[in-house]
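Peer 1: Okay, here's the structure, questions in a sec.
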Amino acid sequence: KVGGDYPSKATELLTTFVLNLTGDCEGKKKGIFIASLSFDYEPKHAPILTQTQADSLWETSIKLIGPLLEHKDQNMSKSAAACLHRLLHKSFVTNQNAWQSVFNEVLLKLPICRKTEVGCISEDLCLRCCTLVSRALLQNLPLLSSFLCFEKIWLTLVETLVLNVSENAPGTVAHETCQQIVTNMIMVVAHAGVFKAKQEQDPEGPDLLAKTWAIIDPVCPSIRPLFKGNSSNPEVSKSPDS
């Protein structure tokens, strides 16, 4: 634990972290390690920063670490993914702008789509990123679903995952894994009552669940039948026209 003036120590720590992340390979590894440690404390035991300072440090850390998932050094990529997971797992950050920025500028720009304009990225990297982003959304669902930006984030992620399913042959790891991620996402979001809550908030507006099925059904017709007869979430298997 850092003693004394916590905010200034945190600023010093962040400066060191930034310099390391823009340095050589070994420096980047050290920077990732520092980033992990910088949030490895119990707020109730060590109120190091104000909420605003903590939000800023968290957002900056993710924006600097995100691109390192695409580093050619596999150990670097895996370390960056592990660090991001720690920062995103049930995060203490509740600021909508910080979360929106993290998703739009970092998470949804990770190589979660295998096929790009310049060719295919590795299956391993794609699935590592898909898993990371989907878990970030689900592990923070109660908070994220209350934001106005949730629908756009949700539909963008679903659309990208479904694209991976369509562009990879049935039976391949990418095809099957992305289809399973989509299934799990719908199950968790439906069980949490998010689809129902969104419709109740705006009965005359577009149905988020219908929009979701409109993306999934043409490519993954086997997913919706899995929810039929689900008494705890009867609305999840309804057709877009119902």
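Here's how to read the names in the structure tokens: chain A, B, ... by the order shown, residue numbers from 1 in each chain, ligand numbers from 1 in the order shown.
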Could you go through region 82-203 of chain A and tell me which residues DSSP, when run on the backbone, assigns to strand (DSSP E or B), listing them as a list in words?

Peer 2: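 Matching residues, listed in order: Lys115, Thr116, Gly119 and Cys120 of chain A.
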
Peer 1: Fewer than 6 positions away in the same chain doesn't count, so skip those; otherwise give me all residues within 10 Å of region 214-223 of chain A, counting only C-alpha atoms, as a ChimeraX atom specification.

Peer 2: /A:155,158-163,165-167,179-180,182-183,186,208,237,239-240

Peer 1: Restrict the selected residues to C-alpha atoms and save them as a PDB file, in the first residue's frame.

Peer 2:
```pdb
ATOM      1  CA  LEU A 155     -26.493  -4.554 -30.756  1.00  0.00           C
ATOM      2  CA  VAL A 158     -24.234  -9.077 -31.066  1.00  0.00           C
ATOM      3  CA  GLU A 159     -23.890  -8.100 -34.716  1.00  0.00           C
ATOM      4  CA  THR A 160     -20.116  -8.616 -34.658  1.00  0.00           C
ATOM      5  CA  LEU A 161     -20.358 -12.009 -32.954  1.00  0.00           C
ATOM      6  CA  VAL A 162     -23.017 -13.161 -35.418  1.00  0.00           C
ATOM      7  CA  LEU A 163     -20.795 -12.003 -38.285  1.00  0.00           C
ATOM      8  CA  VAL A 165     -20.524 -17.151 -36.937  1.00  0.00           C
ATOM      9  CA  SER A 166     -21.528 -16.510 -40.555  1.00  0.00           C
ATOM     10  CA  GLU A 167     -17.986 -16.081 -41.866  1.00  0.00           C
ATOM     11  CA  GLN A 179     -22.505 -18.871 -31.299  1.00  0.00           C
ATOM     12  CA  GLN A 180     -22.195 -20.071 -27.709  1.00  0.00           C
ATOM     13  CA  VAL A 182     -24.284 -15.085 -28.197  1.00  0.00           C
ATOM     14  CA  THR A 183     -26.517 -17.740 -26.615  1.00  0.00           C
ATOM     15  CA  ILE A 186     -29.126 -13.585 -24.439  1.00  0.00           C
ATOM     16  CA  LEU A 208     -34.654  -4.344 -28.176  1.00  0.00           C
ATOM     17  CA  SER A 237     -38.491 -16.582 -27.654  1.00  0.00           C
ATOM     18  CA  SER A 239     -41.102 -13.551 -32.726  1.00  0.00           C
ATOM     19  CA  PRO A 240     -40.182 -10.026 -33.806  1.00  0.00           C
TER      20      PRO A 240
END
```

Peer 1: Mind checking which residues fall within 12 Å of Asn95 (chain A), counting only C-alpha atoms, ignoring those fewer than 2 positions away in the same chain, and posting them as number ranges by chain?

Peer 2: A: 51-56, 58-59, 91-93, 97-102, 143-144, 146-147

Peer 1: Save the residues we just selected, N, CA, C and O atoms, as a compact mmCIF listing (two decimals), in the first residue's frame?

Peer 2:
```
# COMPACT_ATOMS: atom_id res chain seq x y z
N GLN A 51 -13.47 9.57 -6.40
CA GLN A 51 -14.12 8.80 -7.45
C GLN A 51 -13.73 9.31 -8.84
O GLN A 51 -13.47 8.54 -9.76
N THR A 52 -13.66 10.62 -8.98
CA THR A 52 -13.30 11.22 -10.26
C THR A 52 -11.88 10.83 -10.67
O THR A 52 -11.62 10.49 -11.83
N GLN A 53 -10.96 10.87 -9.71
CA GLN A 53 -9.57 10.49 -10.01
C GLN A 53 -9.47 9.01 -10.38
O GLN A 53 -8.77 8.64 -11.31
N ALA A 54 -10.22 8.19 -9.64
CA ALA A 54 -10.20 6.75 -9.91
C ALA A 54 -10.79 6.45 -11.29
O ALA A 54 -10.26 5.62 -12.03
N ASP A 55 -11.89 7.13 -11.62
CA ASP A 55 -12.51 6.93 -12.94
C ASP A 55 -11.54 7.28 -14.06
O ASP A 55 -11.42 6.55 -15.05
N SER A 56 -10.83 8.39 -13.89
CA SER A 56 -9.89 8.84 -14.91
C SER A 56 -8.72 7.87 -15.06
O SER A 56 -8.31 7.54 -16.18
N TRP A 58 -8.69 4.69 -14.28
CA TRP A 58 -9.24 3.44 -14.84
C TRP A 58 -9.41 3.56 -16.35
O TRP A 58 -8.98 2.70 -17.11
N GLU A 59 -10.02 4.65 -16.79
CA GLU A 59 -10.27 4.86 -18.23
C GLU A 59 -8.96 4.96 -19.00
O GLU A 59 -8.80 4.35 -20.07
N SER A 91 -16.42 -3.67 -12.20
CA SER A 91 -15.68 -2.43 -11.93
C SER A 91 -16.40 -1.53 -10.93
O SER A 91 -17.62 -1.51 -10.84
N PHE A 92 -15.60 -0.76 -10.18
CA PHE A 92 -16.14 0.21 -9.24
C PHE A 92 -16.57 1.50 -9.95
O PHE A 92 -17.18 2.38 -9.35
N VAL A 93 -16.24 1.64 -11.22
CA VAL A 93 -16.55 2.86 -11.98
C VAL A 93 -18.02 2.87 -12.36
O VAL A 93 -18.54 1.90 -12.92
N ASN A 97 -20.12 8.25 -18.96
CA ASN A 97 -19.22 8.73 -20.01
C ASN A 97 -17.95 7.90 -20.08
O ASN A 97 -17.44 7.63 -21.17
N ALA A 98 -17.43 7.50 -18.93
CA ALA A 98 -16.21 6.69 -18.90
C ALA A 98 -16.47 5.33 -19.54
O ALA A 98 -15.68 4.86 -20.36
N TRP A 99 -17.58 4.71 -19.19
CA TRP A 99 -17.91 3.40 -19.75
C TRP A 99 -18.18 3.49 -21.25
O TRP A 99 -17.74 2.65 -22.03
N GLN A 100 -18.91 4.52 -21.66
CA GLN A 100 -19.21 4.67 -23.08
C GLN A 100 -17.93 4.86 -23.88
O GLN A 100 -17.76 4.28 -24.97
N SER A 101 -17.02 5.64 -23.34
CA SER A 101 -15.74 5.89 -24.00
C SER A 101 -14.92 4.60 -24.09
O SER A 101 -14.32 4.30 -25.13
N VAL A 102 -14.90 3.82 -23.01
CA VAL A 102 -14.14 2.57 -22.99
C VAL A 102 -14.68 1.58 -24.01
O VAL A 102 -13.91 0.93 -24.73
N LEU A 143 -25.38 -2.17 -14.14
CA LEU A 143 -24.99 -0.78 -14.35
C LEU A 143 -25.14 -0.39 -15.82
O LEU A 143 -25.78 0.60 -16.15
N LEU A 144 -24.54 -1.18 -16.71
CA LEU A 144 -24.52 -0.82 -18.12
C LEU A 144 -25.92 -0.75 -18.73
O LEU A 144 -26.19 0.11 -19.57
N SER A 146 -28.51 0.31 -17.49
CA SER A 146 -29.20 1.54 -17.08
C SER A 146 -28.77 2.75 -17.91
O SER A 146 -29.38 3.82 -17.82
N PHE A 147 -27.74 2.58 -18.74
CA PHE A 147 -27.22 3.68 -19.53
C PHE A 147 -27.96 3.80 -20.86
O PHE A 147 -28.40 2.80 -21.44
```

Peer 1: Write out as a ChimeraX atom specification the set of residues from region 27-225 of chain A that DSSP, computed on the backbone, places in helix (DSSP H, G or I).

Peer 2: /A:27-38,51-70,74-88,96-105,107-109,123-139,141-144,150-167,173-191,194-201,208-216,224-225

Peer 1: Restricting the calculation to only C-alpha atoms, which member of A:Cys126, A:Thr50, A:Met187, A:Leu110 is positioned closest to Leu68 (chain A)?

Peer 2: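 For Leu68 (chain A), the nearest of the candidates is A:Leu110.
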
Peer 1: Considering only C-alpha atoms, state which residue in the set A:Asn140, A:Asn104, A:Asn75, A:Ser134 is at the smallest distance from His89 (chain A).

Peer 2: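 The answer is A:Asn140, which sits nearest to His89 (chain A).
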